[in-house]
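Next comes my_file_15.cif, a file with mmCIF, C-alpha atoms and all ligand atoms.
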```cif
data_final
#
loop_
_atom_site.label_atom_id
_atom_site.label_comp_id
_atom_site.auth_asym_id
_atom_site.auth_seq_id
_atom_site.Cartn_x
_atom_site.Cartn_y
_atom_site.Cartn_z
CA MET U 1 0.00 0.00 0.00
CA SER U 2 1.27 3.50 -0.71
CA VAL U 3 0.28 6.72 1.00
CA ALA U 4 -1.03 9.55 -1.13
CA PRO U 5 1.22 12.63 -1.41
CA GLU U 6 0.43 15.09 1.37
CA SER U 7 -0.40 17.89 -1.04
CA HIS U 8 -3.26 15.74 -2.32
CA PHE U 9 -4.97 15.18 1.05
CA ASP U 10 -7.70 17.67 0.33
CA CYS U 11 -8.38 16.39 -3.16
CA PHE U 12 -10.21 13.21 -2.33
CA ILE U 13 -13.91 12.50 -2.72
CA PRO U 14 -15.73 9.84 -0.67
CA ILE U 15 -17.49 7.16 -2.72
CA SER U 16 -19.98 4.42 -1.89
CA ALA U 17 -18.79 0.84 -1.52
CA ALA U 18 -22.11 -0.46 -2.80
CA THR U 19 -21.31 -0.58 -6.52
CA LEU U 20 -17.87 -2.04 -5.91
CA ALA U 21 -19.49 -4.78 -3.88
CA ARG U 22 -21.30 -5.79 -7.05
CA GLY U 23 -18.04 -7.07 -8.51
CA THR U 24 -17.31 -4.10 -10.74
CA ASN U 25 -14.67 -1.43 -10.50
CA TYR U 26 -14.67 2.22 -11.39
CA GLY U 27 -11.58 2.05 -13.57
CA VAL U 28 -9.83 4.50 -11.22
CA ASP U 29 -7.49 4.15 -8.25
CA ILE U 30 -9.41 3.55 -5.03
CA TYR U 31 -8.04 4.86 -1.73
CA ALA U 32 -9.03 4.16 1.86
CA ARG U 33 -8.95 6.33 4.93
CA ILE U 34 -9.68 4.75 8.32
CA ASN U 35 -9.40 7.79 10.62
CA ALA U 36 -10.40 11.26 9.50
CA SER U 37 -6.88 12.59 10.18
CA ASP U 38 -5.08 9.78 8.28
CA ALA U 39 -3.59 10.20 4.84
CA PRO U 40 -5.52 8.22 2.21
CA ILE U 41 -3.86 4.88 1.37
CA LEU U 42 -4.00 3.30 -2.07
CA LEU U 43 -6.28 0.30 -1.68
CA CYS U 44 -6.57 -0.87 -5.25
CA SER U 45 -5.26 0.45 -8.55
CA ALA U 46 -7.51 1.18 -11.51
CA ASP U 47 -6.86 -2.10 -13.33
CA GLN U 48 -7.61 -4.29 -10.31
CA GLN U 49 -10.73 -5.45 -8.55
CA ILE U 50 -10.80 -4.94 -4.77
CA PRO U 51 -10.67 -8.23 -2.85
CA LYS U 52 -13.92 -8.65 -0.91
CA GLU U 53 -12.24 -8.90 2.49
CA LYS U 54 -10.43 -5.58 1.94
CA LEU U 55 -13.66 -3.92 0.86
CA ASP U 56 -15.55 -5.27 3.87
CA ALA U 57 -12.83 -4.09 6.27
CA VAL U 58 -12.81 -0.55 4.90
CA SER U 59 -16.62 -0.35 4.57
CA LEU U 60 -16.91 -1.25 8.22
CA ASN U 61 -14.31 1.12 9.64
CA GLY U 62 -13.43 3.82 7.18
CA LYS U 63 -14.12 5.59 3.94
CA LEU U 64 -13.41 4.73 0.33
CA LEU U 65 -12.06 7.62 -1.67
CA ILE U 66 -11.07 8.58 -5.18
CA HIS U 67 -8.86 11.45 -6.25
CA CYS U 68 -10.84 14.43 -7.43
CA ASP U 69 -9.02 14.33 -10.80
CA ASN U 70 -10.97 11.12 -11.45
CA ARG U 71 -14.33 12.64 -10.57
CA ASP U 72 -15.58 12.72 -14.16
CA ARG U 73 -14.70 9.07 -14.76
CA TYR U 74 -16.34 8.07 -11.47
CA GLN U 75 -19.47 10.04 -12.35
CA SER U 76 -19.75 8.50 -15.79
CA PHE U 77 -19.36 5.07 -14.20
CA LEU U 78 -22.18 5.91 -11.79
CA ARG U 79 -24.44 7.23 -14.53
CA GLU U 80 -24.00 4.04 -16.51
CA ASN U 81 -24.47 1.69 -13.58
CA TYR U 82 -26.67 3.31 -10.96
CA ARG U 83 -29.99 1.87 -12.20
CA ASP U 84 -28.82 -1.72 -11.64
CA CYS U 85 -27.54 -0.74 -8.26
CA ILE U 86 -30.63 1.11 -6.97
CA ALA U 87 -32.85 -1.78 -8.08
CA ASP U 88 -30.63 -4.36 -6.32
CA GLU U 89 -32.31 -5.29 -3.05
CA CYS U 90 -29.09 -6.92 -1.83
CA VAL U 91 -27.53 -3.45 -1.61
CA PRO U 92 -28.46 -1.70 1.67
CA VAL U 93 -31.12 0.99 1.22
CA ALA U 94 -28.85 3.70 2.65
CA ASP U 95 -26.20 2.91 0.00
CA ARG U 96 -28.77 2.90 -2.80
CA VAL U 97 -30.14 6.24 -1.67
CA SER U 98 -26.61 7.61 -1.37
CA ILE U 99 -25.69 6.53 -4.90
CA LEU U 100 -28.91 7.89 -6.35
CA ASN U 101 -28.39 11.20 -4.57
CA ASP U 102 -24.83 11.44 -5.94
CA VAL U 103 -26.10 10.82 -9.45
CA ILE U 104 -28.96 13.30 -9.09
CA ARG U 105 -26.67 16.04 -7.78
CA ASP U 106 -24.14 15.41 -10.51
CA VAL U 107 -26.65 15.26 -13.35
CA LEU U 108 -28.52 18.32 -12.06
CA ALA U 109 -25.27 20.28 -11.67
CA ASP U 110 -24.37 19.42 -15.26
CA GLN U 111 -27.85 20.12 -16.61
CA PHE U 112 -28.35 23.37 -14.66
CA ALA U 113 -24.99 24.61 -15.93
CA ASN U 114 -25.17 23.44 -19.53
CA GLY U 115 -28.62 22.09 -20.36
CA THR U 116 -31.53 23.59 -22.22
CA THR U 117 -34.86 23.86 -20.41
CA GLU U 118 -36.06 20.95 -22.53
CA SER U 119 -33.19 18.68 -21.53
CA ILE U 120 -33.43 19.75 -17.86
CA VAL U 121 -37.13 18.82 -17.73
CA GLU U 122 -36.54 15.50 -19.50
CA THR U 123 -33.70 14.66 -17.14
CA CYS U 124 -35.83 15.54 -14.10
CA HIS U 125 -38.62 13.23 -15.35
CA THR U 126 -36.18 10.32 -15.42
CA LEU U 127 -34.55 11.20 -12.09
CA GLY U 128 -37.97 11.62 -10.45
CA GLN U 129 -38.92 8.09 -11.49
CA ASP U 130 -35.57 6.72 -10.29
CA SER U 131 -36.03 8.46 -6.98
CA VAL U 132 -39.42 6.85 -6.38
CA THR U 133 -37.91 3.45 -7.22
CA ILE U 134 -36.30 3.62 -3.80
CA LEU U 135 -37.99 6.30 -1.75
CA GLY U 136 -41.53 5.42 -2.80
CA SER U 137 -41.48 1.91 -1.44
CA GLU U 138 -38.64 1.39 1.00
CA SER U 139 -39.02 2.34 4.63
CA VAL U 140 -36.62 5.25 4.37
CA VAL U 141 -37.29 7.95 6.96
CA PRO U 142 -36.05 11.55 6.87
CA ASN U 143 -33.53 11.01 9.67
CA GLU U 144 -31.81 8.19 7.75
CA LEU U 145 -32.06 10.03 4.48
CA CYS U 146 -30.47 13.09 5.99
CA LYS U 147 -27.33 11.12 6.87
CA VAL U 148 -26.59 10.22 3.25
CA LEU U 149 -27.56 13.51 1.63
CA HIS U 150 -25.05 16.28 1.05
CA HIS U 151 -25.81 19.55 2.81
CA ASP U 152 -23.98 22.27 0.96
CA TYR U 153 -26.25 24.96 -0.37
CA GLY U 154 -25.74 24.63 -4.12
CA THR U 155 -29.04 25.00 -6.02
CA PHE U 156 -28.67 21.50 -7.43
CA THR U 157 -27.93 19.94 -4.01
CA HIS U 158 -30.88 21.80 -2.50
CA SER U 159 -33.16 20.68 -5.34
CA ALA U 160 -32.05 17.04 -5.05
CA ASN U 161 -32.68 17.07 -1.28
CA VAL U 162 -36.03 18.89 -1.53
CA SER U 163 -37.14 16.27 -4.04
CA ALA U 164 -36.19 13.39 -1.73
CA TYR U 165 -37.96 15.00 1.23
CA ALA U 166 -41.02 15.84 -0.89
CA VAL U 167 -41.36 12.17 -1.88
CA LEU U 168 -41.18 11.09 1.76
CA LEU U 169 -43.77 13.66 2.87
CA ALA U 170 -46.09 12.91 -0.05
CA ARG U 171 -45.77 9.18 0.60
CA GLY U 172 -46.67 9.84 4.25
CA LEU U 173 -49.72 11.77 3.06
CA GLY U 174 -50.84 8.77 1.00
CA TYR U 175 -50.16 9.87 -2.57
CA SER U 176 -50.01 7.24 -5.34
CA LYS U 177 -46.75 6.07 -6.97
CA THR U 178 -47.56 8.06 -10.12
CA ASP U 179 -48.17 11.18 -8.04
CA LEU U 180 -44.91 10.59 -6.15
CA GLU U 181 -42.96 10.44 -9.43
CA GLN U 182 -44.54 13.69 -10.59
CA ILE U 183 -43.95 15.33 -7.22
CA ALA U 184 -40.30 14.19 -7.28
CA THR U 185 -39.87 15.75 -10.72
CA GLY U 186 -41.68 18.96 -9.74
CA ALA U 187 -39.48 19.31 -6.66
CA LEU U 188 -36.29 18.82 -8.70
CA LEU U 189 -37.47 21.71 -10.87
CA HIS U 190 -38.89 23.95 -8.13
CA ASP U 191 -36.01 26.45 -8.15
CA LEU U 192 -35.52 26.42 -11.93
CA GLY U 193 -35.98 30.20 -11.95
CA LYS U 194 -32.79 30.59 -9.88
CA LEU U 195 -30.82 29.79 -13.02
CA ASP U 196 -31.51 33.41 -13.99
CA ILE U 197 -29.91 34.76 -10.78
CA SER U 198 -26.14 35.09 -10.29
CA ASP U 199 -24.35 32.86 -7.76
CA GLN U 200 -23.00 36.04 -6.20
CA ILE U 201 -26.50 36.97 -5.07
CA LEU U 202 -27.67 33.42 -4.33
CA ASN U 203 -24.68 32.70 -2.10
CA LYS U 204 -24.28 36.16 -0.58
CA PRO U 205 -23.34 35.67 3.08
CA GLY U 206 -24.72 39.00 4.35
CA LYS U 207 -28.12 40.64 4.18
CA LEU U 208 -29.55 41.11 0.69
CA THR U 209 -30.28 44.61 -0.53
CA ASP U 210 -33.91 45.41 -1.41
CA ALA U 211 -33.01 45.20 -5.09
CA GLU U 212 -31.34 41.79 -4.66
CA PHE U 213 -34.27 40.43 -2.68
CA ALA U 214 -36.66 41.72 -5.34
CA LEU U 215 -34.65 39.75 -7.89
CA ILE U 216 -34.76 36.59 -5.75
CA LYS U 217 -38.53 36.95 -5.40
CA LYS U 218 -38.90 36.70 -9.16
CA HIS U 219 -37.57 33.14 -9.38
CA PRO U 220 -40.95 31.35 -9.03
CA THR U 221 -42.29 33.45 -11.91
CA THR U 222 -39.26 33.09 -14.17
CA GLY U 223 -39.21 29.37 -13.39
CA LEU U 224 -42.83 29.06 -14.45
CA GLN U 225 -42.16 31.10 -17.58
CA ARG U 226 -39.42 28.67 -18.60
CA VAL U 227 -41.74 25.65 -18.49
CA GLY U 228 -45.29 27.04 -18.57
CA ASP U 229 -45.99 25.91 -22.13
CA ARG U 230 -44.76 22.34 -21.65
CA THR U 231 -47.37 19.64 -21.95
CA ASP U 232 -45.29 17.05 -20.06
CA LEU U 233 -45.63 18.89 -16.74
CA ASN U 234 -48.99 18.86 -14.99
CA TYR U 235 -50.65 21.70 -13.09
CA GLY U 236 -49.46 20.46 -9.69
CA GLN U 237 -45.84 20.35 -10.88
CA LEU U 238 -46.11 23.86 -12.33
CA MET U 239 -47.52 25.07 -9.01
CA MET U 240 -44.59 23.51 -7.14
CA ILE U 241 -42.38 25.84 -9.19
CA TYR U 242 -44.70 28.86 -8.95
CA GLN U 243 -46.10 28.58 -5.41
CA HIS U 244 -43.42 27.08 -3.19
CA HIS U 245 -42.81 30.48 -1.54
CA GLU U 246 -46.52 31.26 -1.07
CA ARG U 247 -47.83 31.03 2.48
CA ILE U 248 -51.30 30.07 3.71
CA ASN U 249 -51.90 33.48 5.32
CA GLY U 250 -51.03 35.31 2.11
CA THR U 251 -47.62 36.59 3.26
CA GLY U 252 -45.60 34.70 0.63
CA TYR U 253 -44.52 35.55 -2.90
CA PRO U 254 -44.72 36.03 -5.89
CA VAL U 255 -48.48 36.72 -5.69
CA GLY U 256 -49.40 36.53 -1.99
CA CYS U 257 -52.19 34.02 -2.66
CA SER U 258 -53.54 32.10 0.32
CA ALA U 259 -55.16 28.93 1.69
CA ASP U 260 -56.90 26.90 -1.04
CA GLU U 261 -55.47 29.12 -3.76
CA ILE U 262 -52.20 27.31 -3.14
CA HIS U 263 -52.01 23.85 -4.75
CA PRO U 264 -51.39 21.01 -2.24
CA TRP U 265 -48.15 20.10 -4.04
CA GLY U 266 -47.03 23.73 -3.62
CA LYS U 267 -47.75 23.40 0.11
CA ILE U 268 -45.71 20.18 0.32
CA CYS U 269 -42.84 21.87 -1.50
CA ALA U 270 -43.02 24.88 0.83
CA ILE U 271 -42.53 22.74 3.95
CA VAL U 272 -39.63 20.63 2.69
CA ASP U 273 -37.99 23.60 0.95
CA VAL U 274 -37.73 25.52 4.24
CA PHE U 275 -36.76 22.38 6.17
CA GLU U 276 -33.96 21.59 3.70
CA ALA U 277 -32.67 25.16 3.71
CA LEU U 278 -32.55 25.27 7.53
CA THR U 279 -30.79 21.90 7.84
CA SER U 280 -28.08 22.71 5.27
CA HIS U 281 -24.82 24.60 5.59
CA ARG U 282 -24.89 28.28 4.77
CA PRO U 283 -21.85 30.53 4.48
CA TYR U 284 -22.94 32.33 7.67
CA ARG U 285 -24.23 29.54 9.94
CA VAL U 286 -24.07 25.85 10.80
CA PRO U 287 -27.02 23.61 9.89
CA PHE U 288 -30.00 23.49 12.26
CA THR U 289 -30.75 20.15 13.89
CA HIS U 290 -34.01 18.48 12.86
CA PRO U 291 -35.83 19.44 16.09
CA THR U 292 -34.71 23.07 15.80
CA ALA U 293 -35.63 23.26 12.10
CA PHE U 294 -39.01 21.72 12.82
CA ALA U 295 -39.61 24.19 15.67
CA VAL U 296 -39.10 27.04 13.18
CA LEU U 297 -41.67 25.50 10.82
CA GLU U 298 -44.07 24.81 13.66
CA ARG U 299 -44.22 28.50 14.54
CA GLY U 300 -45.94 28.91 11.17
CA SER U 301 -48.24 25.91 11.50
CA GLY U 302 -51.67 26.76 10.16
CA SER U 303 -50.61 30.34 9.36
CA GLU U 304 -47.77 29.87 6.90
CA PHE U 305 -47.67 26.10 6.45
CA ASP U 306 -50.42 23.50 6.14
CA LYS U 307 -51.11 22.18 9.63
CA GLU U 308 -51.88 18.56 8.68
CA MET U 309 -48.92 18.27 6.32
CA LEU U 310 -46.63 19.66 9.00
CA GLU U 311 -48.01 17.17 11.52
CA CYS U 312 -47.26 14.36 9.05
CA TRP U 313 -43.70 15.68 8.62
CA ARG U 314 -43.28 15.81 12.42
CA GLN U 315 -44.31 12.16 12.67
CA LEU U 316 -41.93 11.17 9.86
CA LEU U 317 -39.12 12.92 11.75
CA SER U 318 -40.12 10.98 14.91
CA LEU U 319 -40.31 14.21 16.92
FE FE U 401 -37.27 28.78 -4.17
#
```

Would you mind writing the file out in structure tokens?
Ligand SMILES: [Fe+2]
Amino acid sequence: MSVAPESHFDCFIPISAATLARGTNYGVDIYARINASDAPILLCSADQQIPKEKLDAVSLNGKLLIHCDNRDRYQSFLRENYRDCIADECVPVADRVSILNDVIRDVLADQFANGTTESIVETCHTLGQDSVTILGSESVVPNELCKVLHHDYGTFTHSANVSAYAVLLARGLGYSKTDLEQIATGALLHDLGKLDISDQILNKPGKLTDAEFALIKKHPTTGLQRVGDRTDLNYGQLMMIYQHHERINGTGYPVGCSADEIHPWGKICAIVDVFEALTSHRPYRVPFTHPTAFAVLERGSGSEFDKEMLECWRQLLSL
């Protein structure tokens, strides 16, 4: 085994052992790190397959890593293989969810940066269905899901997480599998309008100016304008994009509509959108714990957020 050069310590990305356990390899060097402060150690070179006992030992006690220079190759491997993996019931649910989330974040990041609206929507249809393959039937709860999600505040990470949470909440509310797939897709697209806002404003650590906030408040409308004429998105999905910042008492935006004027899927999206934002890293604060984030939502129960949906979310969080 050889130790990675010290200058490369920060350039490693954790990967899931699940796909390797299926007898494949990524075609890249795989490293292991047992303790967080250790240097990564080369476990297996690109042309080899990891012996099962080595894989088991590292999976149990440490992390598998690849060098960030190999990120693209790793991602293309995942894109080609993730469907087999997420459908494989021998792979632990947490690993399947983790792999799917990695793929969704990666594909969304790529699509949001380079895709056309058409290709973004088509991609989100596929990813929404993939998401429900696992989250629609397995007994995944938000607390477990949270452990395998990433919590930086990139728009694509936020959208991937909101989608996963929306599926769990909608499943708890009794929606059908078809509805769950559409809700997953709608949630992936809910912040589409943010593509028209600069990262400088979206990630600004301090208080927004009135002009900047006015710009932010346009994103539900610009999002809807991007997709409003598409026949492959239903009304509920469009309202997830347009109404996820509306509040039951009429204090939201972009219109300030209230109560039954807000589509139920918009109300679902509102709850998980705020929950996800509070429980993720921001440049200016650490993530809220689940109980603290829920307490913030609960202050708006019945006034800003749907009371019954919020109660369902509380139960799913086991609070
Ligand atoms: Fe939003």

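The space separating CA of Val58 (chain U) from CA of Asp72 (chain U) comes to 23.4 Å.
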
For Glu261 (chain U), the nearest of the candidates U:Asp95, U:Glu246, U:Glu89, U:Asp273, counting all atoms listed in the file: U:Glu246

With distances taken over only C-alpha atoms and all ligand atoms, which of U:Lys267, U:His244, U:His281, U:Lys307 is nearest to ligand FE 401 (chain U)? U:His244

Which is closest to Gly115 (chain U) among U:Ile183, U:Ala87, U:Leu238, U:Leu192, if we use all atoms listed in the file?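 The closest residue to Gly115 (chain U) is U:Leu192.
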
So what do you get for CA of Ala187 (chain U) versus CA of Thr231 (chain U), distance-wise?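 CA of Thr231 (chain U) lies 17.2 Å from CA of Ala187 (chain U).
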
Where does chain U meet ligand FE 401 (chain U) within 12 Å, residue by residue, with the nearest atom pair and distance in Å to one decimal for each, counting all atoms listed in the file, listed by chain and rising number, as CSV?
```
residue,atom,partner,partner_atom,distance
U:Thr155,CA,U:FE401,FE,9.2
U:Phe156,CA,U:FE401,FE,11.7
U:His158,CA,U:FE401,FE,9.6
U:Ser159,CA,U:FE401,FE,9.2
U:Val162,CA,U:FE401,FE,10.3
U:Ala187,CA,U:FE401,FE,10.0
U:Leu188,CA,U:FE401,FE,11.0
U:Leu189,CA,U:FE401,FE,9.7
U:His190,CA,U:FE401,FE,6.5
U:Asp191,CA,U:FE401,FE,4.8
U:Leu192,CA,U:FE401,FE,8.3
U:Gly193,CA,U:FE401,FE,8.0
U:Lys194,CA,U:FE401,FE,7.5
U:Leu195,CA,U:FE401,FE,11.0
U:Ile197,CA,U:FE401,FE,11.6
U:Leu202,CA,U:FE401,FE,10.7
U:Leu215,CA,U:FE401,FE,11.9
U:Ile216,CA,U:FE401,FE,8.4
U:Lys217,CA,U:FE401,FE,8.4
U:Lys218,CA,U:FE401,FE,9.5
U:His219,CA,U:FE401,FE,6.8
U:Pro220,CA,U:FE401,FE,6.6
U:Thr221,CA,U:FE401,FE,10.3
U:Thr222,CA,U:FE401,FE,11.1
U:Gly223,CA,U:FE401,FE,9.4
U:Leu224,CA,U:FE401,FE,11.7
U:Met239,CA,U:FE401,FE,11.9
U:Met240,CA,U:FE401,FE,9.5
U:Ile241,CA,U:FE401,FE,7.7
U:Tyr242,CA,U:FE401,FE,8.8
U:Gln243,CA,U:FE401,FE,8.9
U:His244,CA,U:FE401,FE,6.5
U:His245,CA,U:FE401,FE,6.4
U:Glu246,CA,U:FE401,FE,10.1
U:Gly252,CA,U:FE401,FE,11.3
U:Tyr253,CA,U:FE401,FE,10.0
U:Pro254,CA,U:FE401,FE,10.5
U:Gly266,CA,U:FE401,FE,11.0
U:Cys269,CA,U:FE401,FE,9.3
U:Ala270,CA,U:FE401,FE,8.6
U:Ile271,CA,U:FE401,FE,11.4
U:Val272,CA,U:FE401,FE,10.9
U:Asp273,CA,U:FE401,FE,7.3
U:Val274,CA,U:FE401,FE,9.0
U:Glu276,CA,U:FE401,FE,11.2
U:Ala277,CA,U:FE401,FE,9.8
```

Write out as a PDB file with C-alpha atoms, in the frame of the given file each polymer residue whose atoms come within 8 Å of Val28 (chain U), counting only C-alpha atoms; drop sequence neighbours fewer than 6 positions from it.
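Below you can see around09.pdb, which holds the result:
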```
ATOM      1  CA  SER U  45      -5.260   0.450  -8.550  1.00  0.00           C
ATOM      2  CA  ALA U  46      -7.510   1.180 -11.510  1.00  0.00           C
ATOM      3  CA  ASP U  47      -6.860  -2.100 -13.330  1.00  0.00           C
ATOM      4  CA  ILE U  66     -11.070   8.580  -5.180  1.00  0.00           C
ATOM      5  CA  ASN U  70     -10.970  11.120 -11.450  1.00  0.00           C
ATOM      6  CA  ARG U  73     -14.700   9.070 -14.760  1.00  0.00           C
ATOM      7  CA  TYR U  74     -16.340   8.070 -11.470  1.00  0.00           C
TER       8      TYR U  74
END
```

With distances taken over only C-alpha atoms, which residue among U:Phe12, U:Gly228, U:Val286, U:Leu78 lies nearest Glu118 (chain U)?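 Of U:Phe12, U:Gly228, U:Val286, U:Leu78, the one nearest Glu118 (chain U) is U:Gly228, counting only C-alpha atoms.
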
Please, what distance in Å, to one decimal, runs between CA of His263 (chain U) and CA of His125 (chain U)?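 Computing it gives 20.1 Å between the two atoms.
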
Env of Ala164 (chain U): 8 Å cut, atoms = all atoms listed in the file, seq-sep filter 6 positions within chain, self excluded. Answer as a short mmCIF file (atom, residue, chain, number, x, y, z; two decimals) with C-alpha atoms, in the coordinates of the input.
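Result file result_29.cif:
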```cif
data_model
loop_
_atom_site.label_atom_id
_atom_site.label_comp_id
_atom_site.auth_asym_id
_atom_site.auth_seq_id
_atom_site.Cartn_x
_atom_site.Cartn_y
_atom_site.Cartn_z
CA SER U 131 -36.03 8.46 -6.98
CA LEU U 135 -37.99 6.30 -1.75
CA ALA U 184 -40.30 14.19 -7.28
#
```

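You can rank U:Leu310, U:Ala94, U:Leu278, U:Ala293 by their closest distance to His151 (chain U) using all atoms listed in the file, and at the top of that list sits U:Leu278.
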
List the neighbours of Asn249 (chain U) out to 6 Å using only C-alpha atoms; skip same-chain residues closer than 2 positions along the sequence, and give me the result as a ChimeraX atom specification. /U:247,251,258,303-304

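Shortest separation to Pro287 (chain U) among U:Ser59, U:Trp313, U:Pro264, U:Cys146 occurs at residue U:Cys146, atoms counted being all atoms listed in the file.
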
Skipping near chain neighbours, those fewer than 3 positions away, what residues fall within 8 Å of Val103 (chain U) using all atoms listed in the file, listed as a list in words? Gln75, Leu78, Arg79, Tyr82, Ile99, Leu100, Asp106 and Val107 of chain U

For a cutoff of 10 Å around the file-coordinate point (-39.9, 13.4, 13.0), which residues qualify once you count all atoms listed in the file? I'd like the result as a ChimeraX atom specification. /U:141-143,290-291,294,311-319
